[in-house]
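Undergrad: What follows is start_8.txt; its format and atoms are compact mmCIF, C-alpha atoms.
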```
# COMPACT_ATOMS: atom_id res chain seq x y z
CA MET M 244 5.44 -32.03 -15.65
CA THR M 245 4.68 -31.91 -11.94
CA ALA M 246 5.88 -29.29 -9.50
CA GLN M 247 7.79 -31.96 -7.63
CA ALA M 248 9.93 -32.63 -10.72
CA GLU M 249 11.06 -29.00 -10.91
CA PRO M 250 14.45 -28.40 -9.32
CA THR M 251 13.35 -24.99 -8.09
CA PHE M 252 10.69 -26.22 -5.67
CA GLY M 253 11.01 -28.39 -2.58
CA LYS M 254 9.19 -31.65 -1.92
CA ARG M 255 6.05 -31.69 0.25
CA ILE M 256 6.96 -34.20 2.94
CA THR M 257 5.11 -33.28 6.15
CA VAL M 258 2.31 -30.88 7.04
CA GLU M 259 4.59 -29.18 9.56
CA GLN M 260 7.33 -28.65 6.96
CA VAL M 261 4.83 -27.22 4.45
CA GLU M 262 3.15 -24.93 7.00
CA GLU M 263 6.09 -23.83 9.10
CA GLY M 264 9.26 -24.57 7.10
CA ASN M 265 11.34 -22.15 5.06
CA ILE M 266 11.48 -24.15 1.81
CA LEU M 267 9.20 -23.19 -1.07
CA ALA M 268 7.15 -26.31 -1.87
CA PRO M 269 4.09 -25.07 -3.75
CA LYS M 270 1.11 -27.27 -4.57
CA PHE M 271 -0.24 -26.95 -8.10
CA ASP M 272 -3.78 -28.10 -8.85
CA GLU M 273 -4.88 -30.79 -11.30
CA HIS M 274 -4.32 -28.32 -14.16
CA GLY M 275 -0.77 -27.54 -12.97
CA LEU M 276 -1.82 -24.11 -11.69
CA ILE M 277 -1.64 -22.15 -8.44
CA PRO M 278 -3.89 -19.11 -7.84
CA ALA M 279 -2.14 -15.75 -7.49
CA VAL M 280 -3.79 -12.86 -5.63
CA THR M 281 -2.42 -9.52 -6.79
CA THR M 282 -2.88 -6.35 -4.74
CA ASP M 283 -1.64 -2.80 -5.23
CA ALA M 284 1.35 -2.34 -2.91
CA GLU M 285 0.38 1.25 -2.24
CA THR M 286 -3.39 1.19 -1.77
CA GLY M 287 -3.91 -2.44 -0.73
CA ASN M 288 -6.67 -2.76 -3.34
CA LEU M 289 -7.16 -6.11 -4.97
CA LEU M 290 -6.21 -5.77 -8.63
CA MET M 291 -6.77 -9.27 -9.98
CA LEU M 292 -6.83 -12.97 -9.25
CA GLY M 293 -4.65 -14.82 -11.74
CA TYR M 294 -3.13 -18.27 -12.07
CA MET M 295 0.49 -19.37 -12.47
CA ASN M 296 2.02 -22.59 -13.72
CA ALA M 297 5.44 -23.65 -12.45
CA GLU M 298 7.21 -21.68 -15.18
CA ALA M 299 5.27 -18.48 -14.47
CA LEU M 300 6.05 -18.72 -10.74
CA LYS M 301 9.74 -19.30 -11.43
CA LEU M 302 9.91 -16.37 -13.87
CA THR M 303 8.14 -14.12 -11.37
CA ILE M 304 10.70 -15.03 -8.69
CA GLU M 305 13.63 -14.68 -11.08
CA THR M 306 12.64 -11.38 -12.71
CA GLY M 307 10.53 -9.63 -10.07
CA GLU M 308 7.84 -8.99 -12.70
CA ALA M 309 4.48 -10.76 -12.53
CA HIS M 310 4.05 -13.68 -14.92
CA TYR M 311 0.84 -15.69 -15.11
CA PHE M 312 -0.60 -18.55 -17.11
CA SER M 313 -3.56 -17.43 -19.20
CA ARG M 314 -6.28 -20.04 -18.81
CA SER M 315 -8.32 -18.62 -21.71
CA ARG M 316 -5.37 -18.53 -24.12
CA GLN M 317 -3.44 -21.44 -22.52
CA VAL M 318 -0.12 -19.61 -22.72
CA LEU M 319 2.51 -18.19 -20.40
CA TRP M 320 1.67 -14.54 -19.93
CA HIS M 321 4.07 -11.74 -19.02
CA LYS M 322 1.55 -9.26 -17.63
CA GLY M 323 1.90 -5.96 -19.48
CA GLY M 324 3.58 -7.54 -22.51
CA THR M 325 0.80 -6.22 -24.77
CA SER M 326 -0.48 -3.23 -22.82
CA GLY M 327 2.81 -2.01 -21.30
CA LEU M 328 1.22 -2.18 -17.85
CA VAL M 329 3.93 -4.35 -16.27
CA GLN M 330 3.49 -5.34 -12.60
CA LYS M 331 6.69 -4.89 -10.56
CA VAL M 332 6.54 -7.26 -7.60
CA GLU M 333 7.38 -5.55 -4.34
CA GLU M 334 6.66 -8.59 -2.22
CA LEU M 335 5.67 -12.20 -2.95
CA ARG M 336 4.14 -14.38 -0.26
CA ILE M 337 2.99 -17.99 0.01
CA ASP M 338 0.13 -19.22 2.18
CA ASP M 339 0.03 -21.78 4.99
CA ASP M 340 -0.48 -24.92 2.87
CA GLN M 341 1.45 -23.40 -0.05
CA ASP M 342 -1.35 -23.63 -2.60
CA ALA M 343 -1.76 -19.89 -3.25
CA VAL M 344 0.54 -16.88 -3.63
CA TRP M 345 0.09 -13.17 -2.93
CA LEU M 346 1.81 -10.50 -5.02
CA ARG M 347 2.06 -6.91 -3.80
CA VAL M 348 2.83 -4.95 -6.98
CA ARG M 349 3.35 -1.53 -8.48
CA VAL M 350 1.82 -1.21 -11.92
CA GLY M 351 3.49 0.75 -14.70
CA GLY M 352 1.86 3.23 -17.05
CA SER M 353 -1.69 4.21 -16.19
CA GLY M 354 -1.69 1.72 -13.31
CA ALA M 355 -4.53 -0.38 -14.70
CA SER M 356 -4.60 -4.17 -14.36
CA CYS M 357 -7.98 -5.05 -15.87
CA HIS M 358 -8.56 -5.90 -19.54
CA VAL M 359 -11.92 -4.09 -19.44
CA GLY M 360 -10.02 -0.85 -18.81
CA PHE M 361 -10.43 -0.37 -15.07
CA MET M 362 -7.66 -0.19 -12.46
CA SER M 363 -8.91 -3.31 -10.71
CA CYS M 364 -10.79 -6.29 -12.12
CA PHE M 365 -13.03 -5.98 -9.05
CA TYR M 366 -14.83 -2.78 -10.07
CA ARG M 367 -18.37 -3.76 -9.01
CA SER M 368 -19.71 -4.28 -5.51
CA ILE M 369 -22.54 -6.64 -4.61
CA PRO M 370 -25.26 -5.22 -2.35
CA LEU M 371 -25.45 -7.12 0.96
CA GLY M 372 -28.46 -8.11 3.03
CA GLN M 373 -30.66 -9.06 0.09
CA PRO M 374 -33.34 -11.65 0.70
CA ILE M 375 -32.63 -15.00 -0.90
CA GLY M 376 -34.83 -15.96 -3.83
CA ASN M 377 -34.56 -12.91 -6.07
CA VAL M 378 -32.04 -12.38 -8.84
CA ILE M 379 -29.42 -10.08 -7.38
CA GLU M 380 -29.33 -6.84 -9.31
CA GLY M 381 -27.87 -3.49 -8.47
CA LEU M 382 -24.15 -4.24 -8.79
CA LYS M 383 -22.53 -0.86 -8.11
CA TYR M 384 -19.50 0.52 -9.95
CA THR M 385 -16.62 1.43 -7.64
CA GLU M 386 -14.61 3.09 -10.42
CA THR M 387 -16.16 5.91 -12.39
CA SER M 388 -14.30 5.66 -15.69
CA LYS M 389 -12.00 3.42 -17.70
CA THR M 390 -8.31 4.28 -17.80
CA PHE M 391 -7.91 3.10 -21.39
CA ASP M 392 -9.95 1.95 -24.37
CA PRO M 393 -9.56 -1.84 -24.63
CA LYS M 394 -10.18 -1.73 -28.40
CA GLU M 395 -7.21 0.60 -28.88
CA VAL M 396 -4.89 -1.53 -26.74
CA TYR M 397 -5.95 -5.06 -27.67
CA GLY M 398 -7.45 -4.50 -31.13
CA ASP M 399 -9.23 -7.60 -32.36
CA ALA M 400 -7.63 -10.02 -29.86
CA PRO M 401 -10.29 -12.36 -28.44
CA ASN M 402 -11.85 -11.29 -25.15
CA PRO M 403 -10.62 -13.53 -22.29
CA THR M 404 -14.06 -13.59 -20.62
CA LYS M 405 -15.82 -16.90 -21.22
CA LEU M 406 -19.53 -17.45 -20.68
CA MET T 1416 -27.00 -28.26 -8.83
CA THR T 1417 -25.58 -25.59 -11.14
CA ALA T 1418 -25.38 -21.90 -10.43
CA GLN T 1419 -27.66 -21.24 -13.37
CA ALA T 1420 -30.44 -23.20 -11.66
CA GLU T 1421 -30.29 -21.00 -8.56
CA PRO T 1422 -32.93 -18.27 -8.52
CA THR T 1423 -30.52 -15.90 -6.82
CA PHE T 1424 -28.09 -15.59 -9.69
CA GLY T 1425 -28.59 -14.24 -13.20
CA LYS T 1426 -27.91 -16.08 -16.44
CA ARG T 1427 -24.66 -15.47 -18.34
CA ILE T 1428 -25.89 -14.42 -21.77
CA THR T 1429 -23.31 -12.09 -23.33
CA VAL T 1430 -19.75 -11.05 -22.50
CA GLU T 1431 -20.85 -7.42 -22.31
CA GLN T 1432 -23.64 -8.23 -19.85
CA VAL T 1433 -21.27 -10.26 -17.64
CA GLU T 1434 -18.51 -7.63 -17.71
CA GLU T 1435 -20.51 -4.42 -17.62
CA GLY T 1436 -24.01 -5.28 -16.44
CA ASN T 1437 -25.47 -4.88 -12.98
CA ILE T 1438 -26.84 -8.42 -12.52
CA LEU T 1439 -24.89 -10.91 -10.42
CA ALA T 1440 -24.18 -13.88 -12.71
CA PRO T 1441 -21.26 -15.72 -11.13
CA LYS T 1442 -19.41 -18.54 -12.85
CA PHE T 1443 -18.65 -21.57 -10.69
CA ASP T 1444 -15.87 -23.95 -11.72
CA GLU T 1445 -16.18 -27.67 -12.50
CA HIS T 1446 -16.38 -28.38 -8.76
CA GLY T 1447 -19.19 -25.83 -8.27
CA LEU T 1448 -16.84 -23.37 -6.57
CA ILE T 1449 -15.79 -19.74 -6.98
CA PRO T 1450 -12.56 -18.42 -5.40
CA ALA T 1451 -12.97 -15.77 -2.69
CA VAL T 1452 -10.16 -13.35 -1.87
CA THR T 1453 -10.49 -12.00 1.66
CA THR T 1454 -8.63 -8.88 2.79
CA ASP T 1455 -8.64 -6.95 6.05
CA ALA T 1456 -10.86 -3.88 5.50
CA GLU T 1457 -8.63 -1.78 7.73
CA THR T 1458 -5.08 -2.73 6.72
CA GLY T 1459 -5.64 -4.04 3.18
CA ASN T 1460 -3.65 -7.16 4.07
CA LEU T 1461 -4.64 -10.38 2.38
CA LEU T 1462 -6.02 -12.71 5.03
CA MET T 1463 -6.94 -15.80 3.04
CA LEU T 1464 -8.01 -17.24 -0.27
CA GLY T 1465 -11.07 -19.41 0.17
CA TYR T 1466 -13.71 -20.99 -2.02
CA MET T 1467 -17.49 -20.65 -2.01
CA ASN T 1468 -20.19 -22.83 -3.48
CA ALA T 1469 -23.50 -21.25 -4.48
CA GLU T 1470 -24.96 -21.72 -1.00
CA ALA T 1471 -21.94 -20.12 0.71
CA LEU T 1472 -22.11 -17.10 -1.61
CA LYS T 1473 -25.83 -16.69 -1.02
CA LEU T 1474 -25.42 -16.96 2.77
CA THR T 1475 -22.59 -14.42 2.69
CA ILE T 1476 -24.80 -11.96 0.79
CA GLU T 1477 -27.81 -12.63 3.03
CA THR T 1478 -26.06 -12.48 6.42
CA GLY T 1479 -23.07 -10.22 5.79
CA GLU T 1480 -20.82 -12.81 7.42
CA ALA T 1481 -18.28 -14.78 5.38
CA HIS T 1482 -19.27 -18.32 4.48
CA TYR T 1483 -17.02 -20.62 2.49
CA PHE T 1484 -17.01 -24.18 1.24
CA SER T 1485 -14.24 -26.21 2.86
CA ARG T 1486 -12.54 -28.24 0.13
CA SER T 1487 -10.69 -30.41 2.65
CA ARG T 1488 -13.80 -31.23 4.70
CA GLN T 1489 -16.30 -30.87 1.80
CA VAL T 1490 -18.78 -28.94 3.91
CA LEU T 1491 -20.32 -25.49 4.06
CA TRP T 1492 -18.21 -23.46 6.46
CA HIS T 1493 -19.34 -20.47 8.48
CA LYS T 1494 -15.93 -18.90 9.12
CA GLY T 1495 -15.44 -18.47 12.86
CA GLY T 1496 -18.05 -21.09 13.77
CA THR T 1497 -15.43 -23.08 15.68
CA SER T 1498 -12.89 -20.42 16.61
CA GLY T 1499 -15.26 -17.50 17.20
CA LEU T 1500 -13.27 -15.42 14.70
CA VAL T 1501 -16.24 -14.43 12.51
CA GLN T 1502 -15.54 -12.27 9.45
CA LYS T 1503 -17.99 -9.36 9.10
CA VAL T 1504 -18.16 -8.39 5.43
CA GLU T 1505 -17.79 -4.66 4.92
CA GLU T 1506 -17.78 -4.88 1.15
CA LEU T 1507 -18.22 -7.70 -1.36
CA ARG T 1508 -17.09 -7.31 -4.95
CA ILE T 1509 -17.19 -9.40 -8.11
CA ASP T 1510 -14.59 -9.35 -10.88
CA ASP T 1511 -14.89 -8.56 -14.59
CA ASP T 1512 -15.83 -12.05 -15.82
CA GLN T 1513 -17.62 -12.86 -12.54
CA ASP T 1514 -15.55 -15.91 -11.65
CA ALA T 1515 -14.01 -14.54 -8.42
CA VAL T 1516 -15.19 -12.46 -5.46
CA TRP T 1517 -13.39 -10.10 -3.09
CA LEU T 1518 -14.44 -9.73 0.54
CA ARG T 1519 -13.23 -6.79 2.63
CA VAL T 1520 -13.82 -7.93 6.21
CA ARG T 1521 -13.41 -7.09 9.86
CA VAL T 1522 -12.47 -10.11 11.94
CA GLY T 1523 -13.83 -10.63 15.45
CA GLY T 1524 -11.86 -11.70 18.52
CA SER T 1525 -8.09 -11.71 18.12
CA GLY T 1526 -8.46 -10.81 14.45
CA ALA T 1527 -6.80 -13.98 13.18
CA SER T 1528 -7.96 -15.75 10.02
CA CYS T 1529 -5.41 -18.56 9.69
CA HIS T 1530 -5.80 -22.06 11.17
CA VAL T 1531 -2.05 -22.15 11.93
CA GLY T 1532 -2.59 -19.27 14.39
CA PHE T 1533 -1.40 -16.27 12.41
CA MET T 1534 -3.47 -13.21 11.44
CA SER T 1535 -3.05 -13.94 7.73
CA CYS T 1536 -2.56 -17.26 5.96
CA PHE T 1537 0.15 -15.47 3.96
CA TYR T 1538 2.72 -15.17 6.75
CA ARG T 1539 5.82 -16.07 4.74
CA SER T 1540 7.49 -14.08 1.97
CA ILE T 1541 9.46 -15.61 -0.90
CA PRO T 1542 12.86 -14.03 -1.64
CA LEU T 1543 12.96 -12.54 -5.15
CA GLY T 1544 15.77 -12.48 -7.70
CA GLN T 1545 16.96 -16.02 -7.03
CA PRO T 1546 18.68 -17.87 -9.87
CA ILE T 1547 16.61 -20.66 -11.37
CA GLY T 1548 17.79 -24.18 -10.68
CA ASN T 1549 18.20 -24.19 -6.90
CA VAL T 1550 15.59 -25.19 -4.38
CA ILE T 1551 14.19 -21.94 -3.04
CA GLU T 1552 14.85 -21.69 0.67
CA GLY T 1553 14.80 -18.73 2.99
CA LEU T 1554 11.05 -18.11 3.23
CA LYS T 1555 10.81 -15.24 5.71
CA TYR T 1556 8.17 -14.91 8.41
CA THR T 1557 6.23 -11.66 8.23
CA GLU T 1558 4.44 -12.24 11.54
CA THR T 1559 6.48 -12.79 14.67
CA SER T 1560 4.10 -14.85 16.78
CA LYS T 1561 0.88 -16.81 16.66
CA THR T 1562 -2.27 -15.17 18.02
CA PHE T 1563 -3.66 -18.45 19.36
CA ASP T 1564 -2.69 -22.06 19.95
CA PRO T 1565 -4.37 -24.16 17.23
CA LYS T 1566 -4.40 -27.21 19.51
CA GLU T 1567 -6.44 -25.33 22.11
CA VAL T 1568 -8.94 -24.05 19.55
CA TYR T 1569 -9.30 -27.00 17.19
CA GLY T 1570 -8.31 -29.90 19.47
CA ASP T 1571 -7.96 -33.11 17.51
CA ALA T 1572 -9.82 -31.94 14.40
CA PRO T 1573 -7.92 -32.98 11.25
CA ASN T 1574 -5.54 -30.38 9.83
CA PRO T 1575 -6.95 -28.95 6.56
CA THR T 1576 -3.51 -28.84 4.92
CA LYS T 1577 -3.10 -31.67 2.40
CA LEU T 1578 0.25 -32.80 1.00
```
Would you kindly transcribe this structure into structure tokens?

TA:
Amino acid sequence: MTAQAEPTFGKRITVEQVEEGNILAPKFDEHGLIPAVTTDAETGNLLMLGYMNAEALKLTIETGEAHYFSRSRQVLWHKGGTSGLVQKVEELRIDDDQDAVWLRVRVGGSGASCHVGFMSCFYRSIPLGQPIGNVIEGLKYTETSKTFDPKEVYGDAPNPTKL
Amino acid sequence: MTAQAEPTFGKRITVEQVEEGNILAPKFDEHGLIPAVTTDAETGNLLMLGYMNAEALKLTIETGEAHYFSRSRQVLWHKGGTSGLVQKVEELRIDDDQDAVWLRVRVGGSGASCHVGFMSCFYRSIPLGQPIGNVIEGLKYTETSKTFDPKEVYGDAPNPTKL
């Protein structure tokens, strides 16, 4: 199933049409996915970077709730279906060449979006200005505590992080 | 060249170490790339989604200026090298499973980050709540005018947008 075969999306005919037109004609990668950047509508903080297949993008547009495609589990994923932390989409944008989307969301419940228990998946900062050649240590936590206990919420479900 | 062979990055040994440790151990995809989400440090707006190879990530950390790997041109790319619109990195973060980075930047010059001439690559919003089955039209511009003329800045260089 290619994006072009879906009745919901337009065809990609010219660069000008893709970049400056008003028809949604997304480009999915070789795995049928498009990256989705999700920020908190209120704070502007980056919550997560996910991926959508054509179905997830259509469901997000139709329902106004973020749907992704889980690469680790290889399934359509209604964010918050297990944890209750649904992401209500306040605004959905597409980029210049239509191969990425941006969701500005409000998160239900505790407001967390990260399976480790933090608000954002991006809870560690990398020190800058380090000389090249050493292993970079000293990642700094930007959140002081978890908002939930992953074991309580997810039980024995496999961890999505792959080595 | 794999990331694991680079002296700058740590090895990925356990899920706990990757998710909760303080050593930078990024995971590059099958093309040797890691996605990089770049937001405006002041407004929180998403400017672009780029990709870095190991060298681009190391140079970003070393210099504090955003470097990417251009997938369309297949070259290391010091953002702003052609246009003068360098991105100064105020903060660099890594996500839970260390397969994505987040750059909070201040952009030089006009402040634009998009090759089409807009501030953000995400200058069109997708209307929500549309019934499935129709081609989605009505993308709405969120920026009213371009900040520069791409022809003047890039001349006859090939457009990075691919159909």

Undergrad: Got a sec to pull out which chain T residues are within 6 Å of chain M, counting only C-alpha atoms, and send them as number ranges by chain?

TA: T: 1422-1425, 1427, 1437-1439, 1459, 1476-1477, 1507-1512, 1536-1537, 1539-1541, 1543-1545, 1548-1554, 1576, 1578

Undergrad: Which distance in Å separates CA of Thr1562 in chain T and CA of His1493 in chain T, to one decimal?

TA: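 Atom-to-atom, CA of Thr1562 in chain T to CA of His1493 in chain T, that is 20.3 Å.
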
Undergrad: Write out chain M, as an mmCIF file with C-alpha atoms, keeping the file's coordinate frame, after superposing it onto chain T by least squares using every C-alpha atom paired in order.

TA:
```cif
data_model
loop_
_atom_site.group_PDB
_atom_site.id
_atom_site.type_symbol
_atom_site.label_atom_id
_atom_site.label_comp_id
_atom_site.auth_asym_id
_atom_site.auth_seq_id
_atom_site.Cartn_x
_atom_site.Cartn_y
_atom_site.Cartn_z
ATOM 1 C CA MET M 244 -26.931 -28.198 -9.037
ATOM 2 C CA THR M 245 -25.550 -25.518 -11.333
ATOM 3 C CA ALA M 246 -25.350 -21.823 -10.582
ATOM 4 C CA GLN M 247 -27.702 -21.148 -13.460
ATOM 5 C CA ALA M 248 -30.439 -23.172 -11.731
ATOM 6 C CA GLU M 249 -30.283 -20.999 -8.609
ATOM 7 C CA PRO M 250 -32.940 -18.295 -8.529
ATOM 8 C CA THR M 251 -30.553 -15.898 -6.825
ATOM 9 C CA PHE M 252 -28.096 -15.584 -9.708
ATOM 10 C CA GLY M 253 -28.599 -14.238 -13.214
ATOM 11 C CA LYS M 254 -27.911 -16.083 -16.454
ATOM 12 C CA ARG M 255 -24.648 -15.491 -18.345
ATOM 13 C CA ILE M 256 -25.881 -14.436 -21.770
ATOM 14 C CA THR M 257 -23.306 -12.087 -23.329
ATOM 15 C CA VAL M 258 -19.749 -11.070 -22.492
ATOM 16 C CA GLU M 259 -20.846 -7.436 -22.317
ATOM 17 C CA GLN M 260 -23.646 -8.237 -19.853
ATOM 18 C CA VAL M 261 -21.279 -10.269 -17.648
ATOM 19 C CA GLU M 262 -18.509 -7.643 -17.714
ATOM 20 C CA GLU M 263 -20.493 -4.431 -17.635
ATOM 21 C CA GLY M 264 -24.019 -5.297 -16.446
ATOM 22 C CA ASN M 265 -25.470 -4.880 -12.973
ATOM 23 C CA ILE M 266 -26.838 -8.416 -12.520
ATOM 24 C CA LEU M 267 -24.898 -10.911 -10.416
ATOM 25 C CA ALA M 268 -24.200 -13.891 -12.698
ATOM 26 C CA PRO M 269 -21.272 -15.727 -11.119
ATOM 27 C CA LYS M 270 -19.406 -18.548 -12.836
ATOM 28 C CA PHE M 271 -18.655 -21.571 -10.672
ATOM 29 C CA ASP M 272 -15.902 -23.968 -11.715
ATOM 30 C CA GLU M 273 -16.220 -27.675 -12.497
ATOM 31 C CA HIS M 274 -16.389 -28.383 -8.747
ATOM 32 C CA GLY M 275 -19.202 -25.838 -8.257
ATOM 33 C CA LEU M 276 -16.845 -23.375 -6.559
ATOM 34 C CA ILE M 277 -15.787 -19.751 -6.987
ATOM 35 C CA PRO M 278 -12.570 -18.430 -5.384
ATOM 36 C CA ALA M 279 -12.986 -15.773 -2.693
ATOM 37 C CA VAL M 280 -10.158 -13.352 -1.870
ATOM 38 C CA THR M 281 -10.489 -12.004 1.659
ATOM 39 C CA THR M 282 -8.633 -8.882 2.788
ATOM 40 C CA ASP M 283 -8.657 -6.947 6.050
ATOM 41 C CA ALA M 284 -10.867 -3.888 5.508
ATOM 42 C CA GLU M 285 -8.635 -1.785 7.715
ATOM 43 C CA THR M 286 -5.088 -2.735 6.734
ATOM 44 C CA GLY M 287 -5.663 -4.041 3.200
ATOM 45 C CA ASN M 288 -3.668 -7.172 4.066
ATOM 46 C CA LEU M 289 -4.634 -10.387 2.379
ATOM 47 C CA LEU M 290 -6.025 -12.718 5.033
ATOM 48 C CA MET M 291 -6.929 -15.821 3.046
ATOM 49 C CA LEU M 292 -8.006 -17.248 -0.274
ATOM 50 C CA GLY M 293 -11.079 -19.423 0.182
ATOM 51 C CA TYR M 294 -13.714 -21.001 -2.029
ATOM 52 C CA MET M 295 -17.504 -20.667 -2.015
ATOM 53 C CA ASN M 296 -20.228 -22.832 -3.486
ATOM 54 C CA ALA M 297 -23.532 -21.251 -4.493
ATOM 55 C CA GLU M 298 -24.968 -21.713 -1.001
ATOM 56 C CA ALA M 299 -21.964 -20.117 0.713
ATOM 57 C CA LEU M 300 -22.126 -17.090 -1.609
ATOM 58 C CA LYS M 301 -25.854 -16.679 -1.005
ATOM 59 C CA LEU M 302 -25.434 -16.950 2.779
ATOM 60 C CA THR M 303 -22.603 -14.415 2.697
ATOM 61 C CA ILE M 304 -24.819 -11.954 0.801
ATOM 62 C CA GLU M 305 -27.820 -12.623 3.030
ATOM 63 C CA THR M 306 -26.062 -12.462 6.408
ATOM 64 C CA GLY M 307 -23.063 -10.201 5.795
ATOM 65 C CA GLU M 308 -20.810 -12.812 7.429
ATOM 66 C CA ALA M 309 -18.276 -14.766 5.377
ATOM 67 C CA HIS M 310 -19.281 -18.321 4.495
ATOM 68 C CA TYR M 311 -17.029 -20.631 2.502
ATOM 69 C CA PHE M 312 -17.014 -24.195 1.256
ATOM 70 C CA SER M 313 -14.255 -26.223 2.887
ATOM 71 C CA ARG M 314 -12.561 -28.237 0.161
ATOM 72 C CA SER M 315 -10.690 -30.420 2.675
ATOM 73 C CA ARG M 316 -13.801 -31.236 4.718
ATOM 74 C CA GLN M 317 -16.300 -30.892 1.822
ATOM 75 C CA VAL M 318 -18.781 -28.943 3.932
ATOM 76 C CA LEU M 319 -20.332 -25.494 4.072
ATOM 77 C CA TRP M 320 -18.234 -23.470 6.469
ATOM 78 C CA HIS M 321 -19.345 -20.456 8.497
ATOM 79 C CA LYS M 322 -15.933 -18.914 9.139
ATOM 80 C CA GLY M 323 -15.452 -18.468 12.882
ATOM 81 C CA GLY M 324 -18.063 -21.087 13.790
ATOM 82 C CA THR M 325 -15.432 -23.079 15.710
ATOM 83 C CA SER M 326 -12.897 -20.410 16.620
ATOM 84 C CA GLY M 327 -15.263 -17.463 17.205
ATOM 85 C CA LEU M 328 -13.258 -15.421 14.701
ATOM 86 C CA VAL M 329 -16.230 -14.433 12.524
ATOM 87 C CA GLN M 330 -15.530 -12.267 9.448
ATOM 88 C CA LYS M 331 -17.985 -9.359 9.105
ATOM 89 C CA VAL M 332 -18.144 -8.381 5.442
ATOM 90 C CA GLU M 333 -17.779 -4.658 4.927
ATOM 91 C CA GLU M 334 -17.783 -4.881 1.158
ATOM 92 C CA LEU M 335 -18.220 -7.708 -1.364
ATOM 93 C CA ARG M 336 -17.085 -7.306 -4.953
ATOM 94 C CA ILE M 337 -17.203 -9.413 -8.111
ATOM 95 C CA ASP M 338 -14.604 -9.360 -10.876
ATOM 96 C CA ASP M 339 -14.899 -8.582 -14.587
ATOM 97 C CA ASP M 340 -15.859 -12.072 -15.817
ATOM 98 C CA GLN M 341 -17.628 -12.867 -12.531
ATOM 99 C CA ASP M 342 -15.555 -15.917 -11.638
ATOM 100 C CA ALA M 343 -14.016 -14.566 -8.416
ATOM 101 C CA VAL M 344 -15.185 -12.474 -5.457
ATOM 102 C CA TRP M 345 -13.387 -10.106 -3.086
ATOM 103 C CA LEU M 346 -14.429 -9.717 0.549
ATOM 104 C CA ARG M 347 -13.230 -6.773 2.631
ATOM 105 C CA VAL M 348 -13.822 -7.930 6.217
ATOM 106 C CA ARG M 349 -13.397 -7.092 9.869
ATOM 107 C CA VAL M 350 -12.465 -10.106 11.947
ATOM 108 C CA GLY M 351 -13.820 -10.647 15.444
ATOM 109 C CA GLY M 352 -11.873 -11.700 18.515
ATOM 110 C CA SER M 353 -8.110 -11.718 18.141
ATOM 111 C CA GLY M 354 -8.462 -10.814 14.460
ATOM 112 C CA ALA M 355 -6.789 -13.976 13.191
ATOM 113 C CA SER M 356 -7.954 -15.757 10.036
ATOM 114 C CA CYS M 357 -5.387 -18.545 9.692
ATOM 115 C CA HIS M 358 -5.770 -22.039 11.167
ATOM 116 C CA VAL M 359 -2.031 -22.138 11.931
ATOM 117 C CA GLY M 360 -2.578 -19.277 14.384
ATOM 118 C CA PHE M 361 -1.394 -16.263 12.410
ATOM 119 C CA MET M 362 -3.445 -13.203 11.437
ATOM 120 C CA SER M 363 -3.050 -13.936 7.740
ATOM 121 C CA CYS M 364 -2.567 -17.256 5.967
ATOM 122 C CA PHE M 365 0.137 -15.474 3.954
ATOM 123 C CA TYR M 366 2.714 -15.170 6.744
ATOM 124 C CA ARG M 367 5.836 -16.075 4.732
ATOM 125 C CA SER M 368 7.499 -14.096 1.969
ATOM 126 C CA ILE M 369 9.468 -15.619 -0.894
ATOM 127 C CA PRO M 370 12.854 -14.036 -1.636
ATOM 128 C CA LEU M 371 12.952 -12.549 -5.155
ATOM 129 C CA GLY M 372 15.754 -12.497 -7.699
ATOM 130 C CA GLN M 373 16.961 -16.029 -7.024
ATOM 131 C CA PRO M 374 18.663 -17.848 -9.862
ATOM 132 C CA ILE M 375 16.593 -20.632 -11.361
ATOM 133 C CA GLY M 376 17.797 -24.162 -10.700
ATOM 134 C CA ASN M 377 18.200 -24.179 -6.928
ATOM 135 C CA VAL M 378 15.574 -25.186 -4.398
ATOM 136 C CA ILE M 379 14.184 -21.938 -3.055
ATOM 137 C CA GLU M 380 14.871 -21.675 0.645
ATOM 138 C CA GLY M 381 14.804 -18.742 2.980
ATOM 139 C CA LEU M 382 11.055 -18.125 3.233
ATOM 140 C CA LYS M 383 10.823 -15.246 5.716
ATOM 141 C CA TYR M 384 8.175 -14.905 8.425
ATOM 142 C CA THR M 385 6.218 -11.652 8.219
ATOM 143 C CA GLU M 386 4.446 -12.237 11.542
ATOM 144 C CA THR M 387 6.500 -12.786 14.660
ATOM 145 C CA SER M 388 4.128 -14.844 16.794
ATOM 146 C CA LYS M 389 0.895 -16.814 16.677
ATOM 147 C CA THR M 390 -2.242 -15.178 18.038
ATOM 148 C CA PHE M 391 -3.629 -18.453 19.377
ATOM 149 C CA ASP M 392 -2.646 -22.068 19.949
ATOM 150 C CA PRO M 393 -4.340 -24.157 17.238
ATOM 151 C CA LYS M 394 -4.377 -27.230 19.511
ATOM 152 C CA GLU M 395 -6.413 -25.350 22.119
ATOM 153 C CA VAL M 396 -8.915 -24.039 19.565
ATOM 154 C CA TYR M 397 -9.294 -27.002 17.214
ATOM 155 C CA GLY M 398 -8.311 -29.894 19.496
ATOM 156 C CA ASP M 399 -7.931 -33.105 17.537
ATOM 157 C CA ALA M 400 -9.803 -31.914 14.416
ATOM 158 C CA PRO M 401 -7.896 -32.966 11.282
ATOM 159 C CA ASN M 402 -5.524 -30.377 9.840
ATOM 160 C CA PRO M 403 -6.932 -28.938 6.576
ATOM 161 C CA THR M 404 -3.485 -28.845 4.922
ATOM 162 C CA LYS M 405 -3.086 -31.673 2.421
ATOM 163 C CA LEU M 406 0.250 -32.809 1.028
#
```

Undergrad: To one decimal place, how far is CA of Phe312 in chain M from CA of Gly1447 in chain T in Å?

TA: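 Computing it gives 21.8 Å between the two atoms.
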